[in-house]
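What follows is one structure encoded as C-alpha cells, with my remarks underneath.
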Amino acid sequence: MALSKKKKILLAVAGLIVVAVGAKVVLGGDKTPEGTMVSTSFVEKQNVEEVLKLKAVLEGTESTEVVSKLHYEVKQLLVKEGDKVKKGQLLAVLDSSDLTEQLSLSKGEQTLLQMQHNELLEDRQTEYDEAKKDYDDLKEMLEIGAASQSEVDDAKRKLDNIPSKNGVAILSDSERQTMDNTNHKVSIEAKTLEDCKICSMIDGTVTRVNTKVGRFADDTEDDKPMFVIENIDKLQMKVLVNETDIAKIKIGQKADITADILNEESVEGVVTRISPTGESKSDSSTERVIPVYIEIVGTHEKLIAGITAKATIHIAQAEQVLTVPYEAVSELEDGSTVVYVVKEDNTIRIVPVTIGLETDLLIEVQEGELTEGQQIVLNPNLALTEGMTVIPQ
C-alpha cells in the first residue's frame with residue numbers, strides 16, 4: 001500500500017526541517033559530536049485500527065419538496081412543522097373558485113358540442129344514405145341507357161363529398177379537431193383543479209412550511225418549496241469522501257456517530273450506499289469527492305434532522321502487529337517505501353517495507369526486515385544514506 005498524498009507532503013516538509021537541524025549540528029564546531037542529529041522512536045507491536053472521520057448534516061432517509069406552479073392563493077393550510085403525514089394526505093387547499101366556474105363552463109361547451117356533433121352525424125348519415133341510393137339508381141339506369149355518364153359522375157362526387165367510412169357518416173377533420181381541442185381544455189382545467197389540492201408524496205414528517213394562508217402558491221418565502229416532507233424516523237448522513245480514500249469504503253461498514261446534542265454518547269451507523277459518480281467538493285475547488293450515505297441504526301430521541309454530526313467509519317483493524325510512528329515512513333525517488341533503522345553503532349540501515357493500515361499516529365508494517373524494539377528515525381529524508389552516522393535524540 002502506498003503512502004497517501006497528504007502523508008507524502010507532511011513527511012517531505014518534516015524532512016526539510018531535519019536536514020536544516022542536521023546541518024546546524026555538523027557545522028556547530030568541535031563541541032558537536034560527529035554525525036547528523038535525528039529524532040528517533042521504536043518499532044512496537046500493538047493493535048491498529050484504521051478509521052475515516054467525516055462531518056455532515058443529519059437528514060431523513062427519504063425526503064421530498066412540495067412545490068406548486070399555480071398562481072392561486074392558499075385558502076387552507078392543514079399542517080404545521082412537526083406534523084406526521086401519510087402519502088396522499090392533504091397539506092393545503094388553493095382558492096380555485098374561478099377555476100371551478102371556468103371548468104363548469106368548459107364542460108358545458110363540451111356537452112353542447114357533443115350534442116351538436118351527434119345531431120350532425122344523424123343528418124349526415126341520412127344525407128349519405130340518400131346520395132348512395134341516387135348513385136346506385138343512376139348506375140342501373142346507365143346500363144339500360146336511361147341516364148348519362150355525367151349524371152352518374154355528378155352523383156358519385158356528391159356521395160364522395162360527404163365524410164364517411166365504410167358507409168358510416170363521420171366528422172370532418174376540422175370538426176374532430178374542434179372536439180379534441182375542447183376535450184383537451186376540459187382535461188387541463190380538471191387537472192389544474194385537482195392540483196389545487198396540495199398533497200404529500202411520501203409518508204413522513206413536515207419539517208418546513210414556507211407558505212401561509214392568503215399567499216400565492218408559486219410565491220413562497222425566498223422561493224423555497226411550500227413544504228418539505230422527510231422520513232426522519234430513519235436518519236442518515238451524506239458524507240463526502242475524498243477520491244483518494246473512496247477505495248477503502250465498502251457497503252456494510254460500521255460507523256460511530258457523535259454530535260454535540262448527544263454529549264459524550266455515540267450511536268451506531270452503517271454505510272448503505274456509495275454514489276457511482278464523483279463531484280466537485282465546492283464551486284471554487286478542483287478536489288473531487290464521492291457522496292457516501294451512512295444510515296443511523298434504530299431510532300434515537302436526541303437526534304434530529306438538520307444538525308451536524310461526525311461519523312467515524314471503521315475501515316479495518318489488525319491485532320498485535322508491528323507498527324511504526326506515522327513520521328517514520330518515507331518514500332524514495334523510485335517509489336519504494338522505506339524505514340530508516342538506527343543500528344547499534346549509530347549508523348543508518350535503510351529497510352524497504354510494505355505498509356498496511358494507517359492511522360493518524362501509526363502505520364502497520366506488513367512486510368520488511370523489522371523487529372520489535374528496533375530504533376528508527378522519525379521524519380527521514382533523502383539526505384540520509386545507507387551507513388551514515390547519526391546522533392539519535
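Ordering of the C-alpha cells sets the chain letters (A, B, ...); residue numbers start at 1 within each chain; ligands are numbered from 1 in the order shown.
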Practice prompt. May I have the residues within 7 Å of Val239 (chain A) as a list in words, using only C-alpha atoms and disregarding those fewer than 4 positions away in the same chain?
Written response: Leu54, Lys55, Ala56, Pro291, Val292 and Tyr293 of chain A
Would you save the residues from that selection as a PDB file, in the first residue's frame, using N, CA and C atoms?
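Result file out10.pdb:
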```pdb
ATOM      1  N   LEU A  54     -15.510  11.920   9.222  1.00  0.00           N
ATOM      2  CA  LEU A  54     -16.134  12.892   8.326  1.00  0.00           C
ATOM      3  C   LEU A  54     -17.328  13.547   9.001  1.00  0.00           C
ATOM      4  N   LYS A  55     -17.620  14.789   8.617  1.00  0.00           N
ATOM      5  CA  LYS A  55     -18.765  15.518   9.164  1.00  0.00           C
ATOM      6  C   LYS A  55     -19.817  15.721   8.083  1.00  0.00           C
ATOM      7  N   ALA A  56     -21.078  15.744   8.515  1.00  0.00           N
ATOM      8  CA  ALA A  56     -22.184  16.020   7.598  1.00  0.00           C
ATOM      9  C   ALA A  56     -23.422  16.343   8.410  1.00  0.00           C
ATOM     10  N   PRO A 291     -20.071  11.104  -2.834  1.00  0.00           N
ATOM     11  CA  PRO A 291     -21.061  11.031  -1.758  1.00  0.00           C
ATOM     12  C   PRO A 291     -21.231   9.594  -1.250  1.00  0.00           C
ATOM     13  N   VAL A 292     -21.201   9.451   0.060  1.00  0.00           N
ATOM     14  CA  VAL A 292     -21.412   8.157   0.716  1.00  0.00           C
ATOM     15  C   VAL A 292     -22.501   8.344   1.763  1.00  0.00           C
ATOM     16  N   TYR A 293     -23.459   7.429   1.798  1.00  0.00           N
ATOM     17  CA  TYR A 293     -24.596   7.561   2.706  1.00  0.00           C
ATOM     18  C   TYR A 293     -24.442   6.593   3.886  1.00  0.00           C
TER      19      TYR A 293
END
```
Fill in: Neighbour list for region 345-358 of chain A as number ranges by chain, cut-off 7 Å, only C-alpha atoms, skip fewer than 6 positions in-chain
A: 1, 50, 336-339, 364-369, 385-391
Would you save the residues from that selection as a PDB file, in the first residue's frame, using N, CA and C atoms?
```
ATOM      1  N   MET A   1       0.860  -1.198   0.000  1.00  0.00           N
ATOM      2  CA  MET A   1       0.000   0.000   0.000  1.00  0.00           C
ATOM      3  C   MET A   1       0.886   1.234   0.000  1.00  0.00           C
ATOM      4  N   GLU A  50      -7.800   1.322  11.449  1.00  0.00           N
ATOM      5  CA  GLU A  50      -7.871   2.455  10.527  1.00  0.00           C
ATOM      6  C   GLU A  50      -9.313   2.946  10.462  1.00  0.00           C
ATOM      7  N   SER A 336       9.634   3.374  -3.812  1.00  0.00           N
ATOM      8  CA  SER A 336       9.648   2.352  -2.760  1.00  0.00           C
ATOM      9  C   SER A 336       9.468   2.993  -1.391  1.00  0.00           C
ATOM     10  N   THR A 337       8.820   2.247  -0.493  1.00  0.00           N
ATOM     11  CA  THR A 337       8.555   2.731   0.858  1.00  0.00           C
ATOM     12  C   THR A 337       9.585   2.126   1.802  1.00  0.00           C
ATOM     13  N   VAL A 338      10.189   2.976   2.644  1.00  0.00           N
ATOM     14  CA  VAL A 338      11.292   2.504   3.493  1.00  0.00           C
ATOM     15  C   VAL A 338      11.168   3.064   4.911  1.00  0.00           C
ATOM     16  N   VAL A 339      11.883   2.387   5.818  1.00  0.00           N
ATOM     17  CA  VAL A 339      12.061   2.861   7.190  1.00  0.00           C
ATOM     18  C   VAL A 339      13.565   2.917   7.452  1.00  0.00           C
ATOM     19  N   GLU A 364       0.929   0.355  10.084  1.00  0.00           N
ATOM     20  CA  GLU A 364       1.247  -1.068  10.209  1.00  0.00           C
ATOM     21  C   GLU A 364       2.297  -1.438   9.167  1.00  0.00           C
ATOM     22  N   VAL A 365       3.296  -2.213   9.607  1.00  0.00           N
ATOM     23  CA  VAL A 365       4.310  -2.742   8.695  1.00  0.00           C
ATOM     24  C   VAL A 365       3.968  -4.207   8.438  1.00  0.00           C
ATOM     25  N   GLN A 366       3.560  -4.514   7.211  1.00  0.00           N
ATOM     26  CA  GLN A 366       3.160  -5.874   6.876  1.00  0.00           C
ATOM     27  C   GLN A 366       4.343  -6.731   6.461  1.00  0.00           C
ATOM     28  N   GLU A 367       5.260  -6.151   5.704  1.00  0.00           N
ATOM     29  CA  GLU A 367       6.443  -6.890   5.246  1.00  0.00           C
ATOM     30  C   GLU A 367       7.668  -5.999   5.357  1.00  0.00           C
ATOM     31  N   GLY A 368       8.814  -6.613   5.713  1.00  0.00           N
ATOM     32  CA  GLY A 368      10.062  -5.873   5.861  1.00  0.00           C
ATOM     33  C   GLY A 368      10.889  -6.448   6.994  1.00  0.00           C
ATOM     34  N   GLU A 369      12.183  -6.253   6.937  1.00  0.00           N
ATOM     35  CA  GLU A 369      13.082  -6.829   7.941  1.00  0.00           C
ATOM     36  C   GLU A 369      13.151  -5.930   9.170  1.00  0.00           C
ATOM     37  N   THR A 385      21.670   8.520   4.142  1.00  0.00           N
ATOM     38  CA  THR A 385      22.073   7.445   3.242  1.00  0.00           C
ATOM     39  C   THR A 385      22.498   6.218   4.038  1.00  0.00           C
ATOM     40  N   GLU A 386      22.550   5.102   3.355  1.00  0.00           N
ATOM     41  CA  GLU A 386      22.948   3.840   3.972  1.00  0.00           C
ATOM     42  C   GLU A 386      24.334   3.985   4.579  1.00  0.00           C
ATOM     43  N   GLY A 387      24.473   3.601   5.887  1.00  0.00           N
ATOM     44  CA  GLY A 387      25.767   3.637   6.560  1.00  0.00           C
ATOM     45  C   GLY A 387      26.126   4.963   7.178  1.00  0.00           C
ATOM     46  N   MET A 388      25.329   6.009   6.965  1.00  0.00           N
ATOM     47  CA  MET A 388      25.629   7.324   7.553  1.00  0.00           C
ATOM     48  C   MET A 388      25.542   7.256   9.063  1.00  0.00           C
ATOM     49  N   THR A 389      26.477   7.948   9.719  1.00  0.00           N
ATOM     50  CA  THR A 389      26.469   8.045  11.181  1.00  0.00           C
ATOM     51  C   THR A 389      25.503   9.120  11.639  1.00  0.00           C
ATOM     52  N   VAL A 390      24.694   8.801  12.639  1.00  0.00           N
ATOM     53  CA  VAL A 390      23.717   9.747  13.142  1.00  0.00           C
ATOM     54  C   VAL A 390      23.818   9.844  14.649  1.00  0.00           C
ATOM     55  N   ILE A 391      23.202  10.896  15.179  1.00  0.00           N
ATOM     56  CA  ILE A 391      23.134  11.097  16.631  1.00  0.00           C
ATOM     57  C   ILE A 391      21.682  10.999  17.047  1.00  0.00           C
TER      58      ILE A 391
END
```
Under the rule of at most 7 Å, produce a per-residue listing of region 207-246 of chain A near region 77-88 of chain A: chain, number, name, the closest pair of atoms, and the distance in Å, as a tab-separated table, using only C-alpha atoms.
```
residue	atom	partner	partner_atom	distance
A:Thr207	CA	A:Glu81	CA	5.2
A:Arg208	CA	A:Glu81	CA	5.6
A:Val209	CA	A:Glu81	CA	6.2
A:Lys212	CA	A:Leu77	CA	6.8
A:Val213	CA	A:Leu77	CA	6.3
```
Produce a file of the selected residues containing N, CA and C atoms, as an mmCIF file, in the first residue's frame.
```cif
data_model
loop_
_atom_site.group_PDB
_atom_site.id
_atom_site.type_symbol
_atom_site.label_atom_id
_atom_site.label_comp_id
_atom_site.auth_asym_id
_atom_site.auth_seq_id
_atom_site.Cartn_x
_atom_site.Cartn_y
_atom_site.Cartn_z
ATOM 1 N N THR A 207 -41.147 19.014 7.881
ATOM 2 C CA THR A 207 -40.010 19.681 8.522
ATOM 3 C C THR A 207 -39.913 21.164 8.176
ATOM 4 N N ARG A 208 -40.569 21.595 7.095
ATOM 5 C CA ARG A 208 -40.570 23.006 6.747
ATOM 6 C C ARG A 208 -41.911 23.381 6.108
ATOM 7 N N VAL A 209 -42.447 24.542 6.531
ATOM 8 C CA VAL A 209 -43.633 25.134 5.904
ATOM 9 C C VAL A 209 -43.245 26.548 5.512
ATOM 10 N N LYS A 212 -48.212 30.506 3.697
ATOM 11 C CA LYS A 212 -49.258 30.822 4.669
ATOM 12 C C LYS A 212 -50.543 31.161 3.928
ATOM 13 N N VAL A 213 -51.639 31.147 4.642
ATOM 14 C CA VAL A 213 -52.936 31.434 4.047
ATOM 15 C C VAL A 213 -52.921 32.840 3.443
#
```
Worksheet item: CA of Val48 (chain A) and CA of Ile261 (chain A), how far apart in Å?
Response: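 So the two atoms, CA of Ile261 (chain A) and CA of Val48 (chain A), lie 29.4 Å apart.
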Fill in: region 128-325 of chain A: residues DSSP assigns to alpha helix (DSSP H), reported as a PyMOL selection string
chain A and resi 128-143+149-160+173-195
Selected residues written out, C-alpha atoms, as a JSON list (two decimals), in the first residue's frame:
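What ended up in selection-v4.json:
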```
[["chain", "number", "residue", "atom", "x", "y", "z"],
["A", 128, "TYR", "CA", -75.25, 9.85, -47.21],
["A", 129, "ASP", "CA", -77.87, 7.11, -47.47],
["A", 130, "GLU", "CA", -79.92, 9.21, -49.93],
["A", 131, "ALA", "CA", -76.88, 10.09, -52.01],
["A", 132, "LYS", "CA", -75.80, 6.45, -52.07],
["A", 133, "LYS", "CA", -79.27, 5.38, -53.27],
["A", 134, "ASP", "CA", -79.28, 8.04, -56.01],
["A", 135, "TYR", "CA", -75.85, 6.94, -57.17],
["A", 136, "ASP", "CA", -76.81, 3.25, -57.26],
["A", 137, "ASP", "CA", -80.06, 4.01, -59.11],
["A", 138, "LEU", "CA", -78.26, 6.10, -61.72],
["A", 139, "LYS", "CA", -75.69, 3.36, -62.30],
["A", 140, "GLU", "CA", -78.51, 0.91, -63.06],
["A", 141, "MET", "CA", -80.20, 3.42, -65.36],
["A", 142, "LEU", "CA", -76.89, 3.98, -67.14],
["A", 143, "GLU", "CA", -76.76, 0.29, -68.04],
["A", 149, "GLN", "CA", -72.39, 9.08, -67.57],
["A", 150, "SER", "CA", -72.18, 12.71, -66.47],
["A", 151, "GLU", "CA", -75.23, 12.22, -64.26],
["A", 152, "VAL", "CA", -73.57, 9.19, -62.65],
["A", 153, "ASP", "CA", -70.30, 11.12, -62.14],
["A", 154, "ASP", "CA", -72.16, 14.02, -60.50],
["A", 155, "ALA", "CA", -73.90, 11.60, -58.12],
["A", 156, "LYS", "CA", -70.53, 9.99, -57.26],
["A", 157, "ARG", "CA", -68.94, 13.38, -56.49],
["A", 158, "LYS", "CA", -71.85, 14.29, -54.24],
["A", 159, "LEU", "CA", -71.51, 10.99, -52.39],
["A", 160, "ASP", "CA", -67.74, 11.37, -52.02],
["A", 173, "ASP", "CA", -61.02, 16.70, -39.79],
["A", 174, "SER", "CA", -61.83, 20.23, -38.66],
["A", 175, "GLU", "CA", -64.85, 19.04, -36.65],
["A", 176, "ARG", "CA", -62.75, 16.36, -34.92],
["A", 177, "GLN", "CA", -60.04, 18.90, -34.15],
["A", 178, "THR", "CA", -62.60, 21.23, -32.59],
["A", 179, "MET", "CA", -63.82, 18.38, -30.38],
["A", 180, "ASP", "CA", -60.23, 17.41, -29.45],
["A", 181, "ASN", "CA", -59.42, 21.00, -28.51],
["A", 182, "THR", "CA", -62.49, 21.22, -26.28],
["A", 183, "ASN", "CA", -61.70, 17.89, -24.59],
["A", 184, "HIS", "CA", -58.09, 18.95, -24.04],
["A", 185, "LYS", "CA", -59.17, 22.24, -22.49],
["A", 186, "VAL", "CA", -61.51, 20.42, -20.08],
["A", 187, "SER", "CA", -58.75, 17.92, -19.21],
["A", 188, "ILE", "CA", -56.22, 20.66, -18.43],
["A", 189, "GLU", "CA", -58.67, 22.61, -16.29],
["A", 190, "ALA", "CA", -59.70, 19.46, -14.42],
["A", 191, "LYS", "CA", -56.04, 18.57, -13.78],
["A", 192, "THR", "CA", -55.31, 22.11, -12.61],
["A", 193, "LEU", "CA", -58.29, 21.97, -10.27],
["A", 194, "GLU", "CA", -57.00, 18.70, -8.83],
["A", 195, "ASP", "CA", -53.55, 20.29, -8.40]]
```
Discussion item. What parts of region 49-236 of chain A does DSSP call strand (DSSP E)? I'd like the answer as a PyMOL selection string.
Written reply: chain A and resi 49-60+63-66+74-77+84-85+90-94+164-165+168-169+197-199+204-209+227-230+235-236
Worksheet item: Could you name the residues that touch region 115-118 of chain A at 9 Å or less, counting only C-alpha atoms, but leaving out those on the same chain fewer than 3 positions away, as a count of residues only?
Response: 9
Worksheet item: What's the 9 Å shell around Ile307 (chain A), counting only C-alpha atoms, without same-chain residues fewer than 4 positions away, as a PyMOL selection string?
Response: chain A and resi 56-59+259-261+303
Discussion item. I want to know what sits within 8 Å of Val93 (chain A), based on only C-alpha atoms, with residues of the same chain fewer than 3 positions away left out; could you give that as a list in words?
Written reply: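 My reading of the contact set: Val74, Lys75, Gln76, Leu77, Leu90, Cys196, Lys197 and Ile198 of chain A.
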Could you save the residues just selected, with C-alpha atoms, as a tab-separated table (two decimals), in the first residue's frame?
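result-v6.tsv written:
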```
chain	number	residue	atom	x	y	z
A	74	VAL	CA	-53.58	29.40	-0.32
A	75	LYS	CA	-57.11	29.07	1.06
A	76	GLN	CA	-56.45	26.44	3.74
A	77	LEU	CA	-53.25	25.34	5.46
A	90	LEU	CA	-53.89	16.87	2.03
A	196	CYS	CA	-55.18	22.94	-6.21
A	197	LYS	CA	-55.21	20.20	-3.59
A	198	ILE	CA	-51.60	20.09	-2.36
```
Worksheet item: Restricting the calculation to only C-alpha atoms, which member of A:Glu73, A:Val377, A:Leu103, A:Gly60 is positioned closest to Gly214 (chain A)?
Response: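 Among the listed residues, A:Glu73 lies closest to Gly214 (chain A).
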Discussion item. For a test of reading the model, state the distance in Å between CA of Ser330 (chain A) and CA of Thr286 (chain A), rounded to one decimal.
Written reply: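 CA of Ser330 (chain A) sits 27.3 Å away from CA of Thr286 (chain A).
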Counting only C-alpha atoms, what is within 12 Å of region 254-256 of chain A, bar same-chain residues fewer than 4 positions away, as a short mmCIF file (atom, residue, chain, number, x, y, z; two decimals) with N, CA and C atoms, in the first residue's frame?
```
data_model
loop_
_atom_site.label_atom_id
_atom_site.label_comp_id
_atom_site.auth_asym_id
_atom_site.auth_seq_id
_atom_site.Cartn_x
_atom_site.Cartn_y
_atom_site.Cartn_z
N GLU A 50 -7.80 1.32 11.45
CA GLU A 50 -7.87 2.46 10.53
C GLU A 50 -9.31 2.95 10.46
N VAL A 51 -9.48 4.24 10.64
CA VAL A 51 -10.82 4.84 10.57
C VAL A 51 -10.79 6.06 9.67
N LEU A 52 -11.97 6.47 9.25
CA LEU A 52 -12.11 7.69 8.45
C LEU A 52 -13.16 8.56 9.13
N LYS A 53 -12.78 9.79 9.48
CA LYS A 53 -13.69 10.68 10.21
C LYS A 53 -14.19 11.78 9.28
N LEU A 54 -15.51 11.92 9.22
CA LEU A 54 -16.13 12.89 8.33
C LEU A 54 -17.33 13.55 9.00
N LYS A 55 -17.62 14.79 8.62
CA LYS A 55 -18.76 15.52 9.16
C LYS A 55 -19.82 15.72 8.08
N GLN A 236 -30.02 9.69 8.22
CA GLN A 236 -28.81 9.32 7.51
C GLN A 236 -27.89 10.54 7.40
N MET A 237 -26.64 10.27 7.03
CA MET A 237 -25.67 11.32 6.75
C MET A 237 -25.15 11.10 5.33
N VAL A 239 -22.01 11.92 3.59
CA VAL A 239 -20.64 12.41 3.76
C VAL A 239 -19.93 12.41 2.42
N ILE A 249 -13.80 2.44 1.29
CA ILE A 249 -15.18 2.42 1.78
C ILE A 249 -15.95 1.28 1.13
N LYS A 250 -16.66 0.51 1.95
CA LYS A 250 -17.47 -0.60 1.48
C LYS A 250 -18.85 -0.52 2.12
N GLU A 264 -21.55 13.00 25.37
CA GLU A 264 -20.46 12.03 25.23
C GLU A 264 -20.92 10.72 24.61
N GLU A 265 -22.19 10.60 24.29
CA GLU A 265 -22.72 9.36 23.73
C GLU A 265 -22.42 9.25 22.24
N SER A 266 -22.55 8.04 21.72
CA SER A 266 -22.46 7.81 20.29
C SER A 266 -23.52 6.79 19.90
N VAL A 267 -23.91 6.81 18.65
CA VAL A 267 -24.88 5.85 18.13
C VAL A 267 -24.26 5.13 16.94
N GLU A 268 -24.85 4.01 16.61
CA GLU A 268 -24.30 3.18 15.54
C GLU A 268 -24.84 3.59 14.18
N GLY A 269 -23.98 3.55 13.19
CA GLY A 269 -24.38 3.80 11.82
C GLY A 269 -23.80 2.73 10.91
N VAL A 270 -24.29 2.67 9.67
CA VAL A 270 -23.79 1.69 8.71
C VAL A 270 -23.79 2.32 7.32
N VAL A 271 -22.74 2.05 6.55
CA VAL A 271 -22.66 2.55 5.17
C VAL A 271 -23.66 1.78 4.33
N THR A 272 -24.63 2.50 3.74
CA THR A 272 -25.69 1.84 2.97
C THR A 272 -25.61 2.11 1.47
N TYR A 293 -23.46 7.43 1.80
CA TYR A 293 -24.60 7.56 2.71
C TYR A 293 -24.44 6.59 3.89
N ILE A 294 -24.55 7.16 5.08
CA ILE A 294 -24.45 6.37 6.32
C ILE A 294 -25.80 6.46 7.03
N GLU A 295 -26.44 5.33 7.22
CA GLU A 295 -27.75 5.31 7.85
C GLU A 295 -27.61 5.03 9.34
N ILE A 296 -28.35 5.79 10.15
CA ILE A 296 -28.35 5.59 11.60
C ILE A 296 -29.14 4.32 11.92
N VAL A 297 -28.57 3.44 12.73
CA VAL A 297 -29.24 2.20 13.09
C VAL A 297 -30.22 2.47 14.22
N ALA A 309 -23.29 16.23 12.48
CA ALA A 309 -22.79 15.08 13.23
C ALA A 309 -21.46 14.64 12.63
N LYS A 310 -20.73 13.84 13.39
CA LYS A 310 -19.45 13.31 12.92
C LYS A 310 -19.55 11.79 12.83
N ALA A 311 -19.12 11.26 11.71
CA ALA A 311 -19.12 9.80 11.52
C ALA A 311 -17.68 9.29 11.53
N THR A 312 -17.43 8.30 12.36
CA THR A 312 -16.14 7.62 12.37
C THR A 312 -16.35 6.25 11.74
N ILE A 313 -15.95 6.12 10.48
CA ILE A 313 -16.15 4.86 9.75
C ILE A 313 -14.99 3.92 10.06
N HIS A 314 -15.34 2.71 10.48
CA HIS A 314 -14.32 1.71 10.80
C HIS A 314 -13.91 0.99 9.51
N ILE A 315 -12.70 1.28 9.04
CA ILE A 315 -12.22 0.73 7.77
C ILE A 315 -11.71 -0.70 7.94
N ALA A 316 -10.75 -0.88 8.85
CA ALA A 316 -10.16 -2.21 9.09
C ALA A 316 -9.38 -2.16 10.38
#
```
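When only C-alpha atoms are used to compute distances to Ser275 (chain A), the closest of the residues A:Thr258, A:Glu287, A:Leu240, A:Ile376 turns out to be A:Leu240.
The neighbours of Ile246 (chain A) here are the residues that come within 8 Å of it, using only C-alpha atoms and leaving out any residue fewer than 4 positions away in the same chain; they are Val241, Asn242 and Ile290 of chain A.
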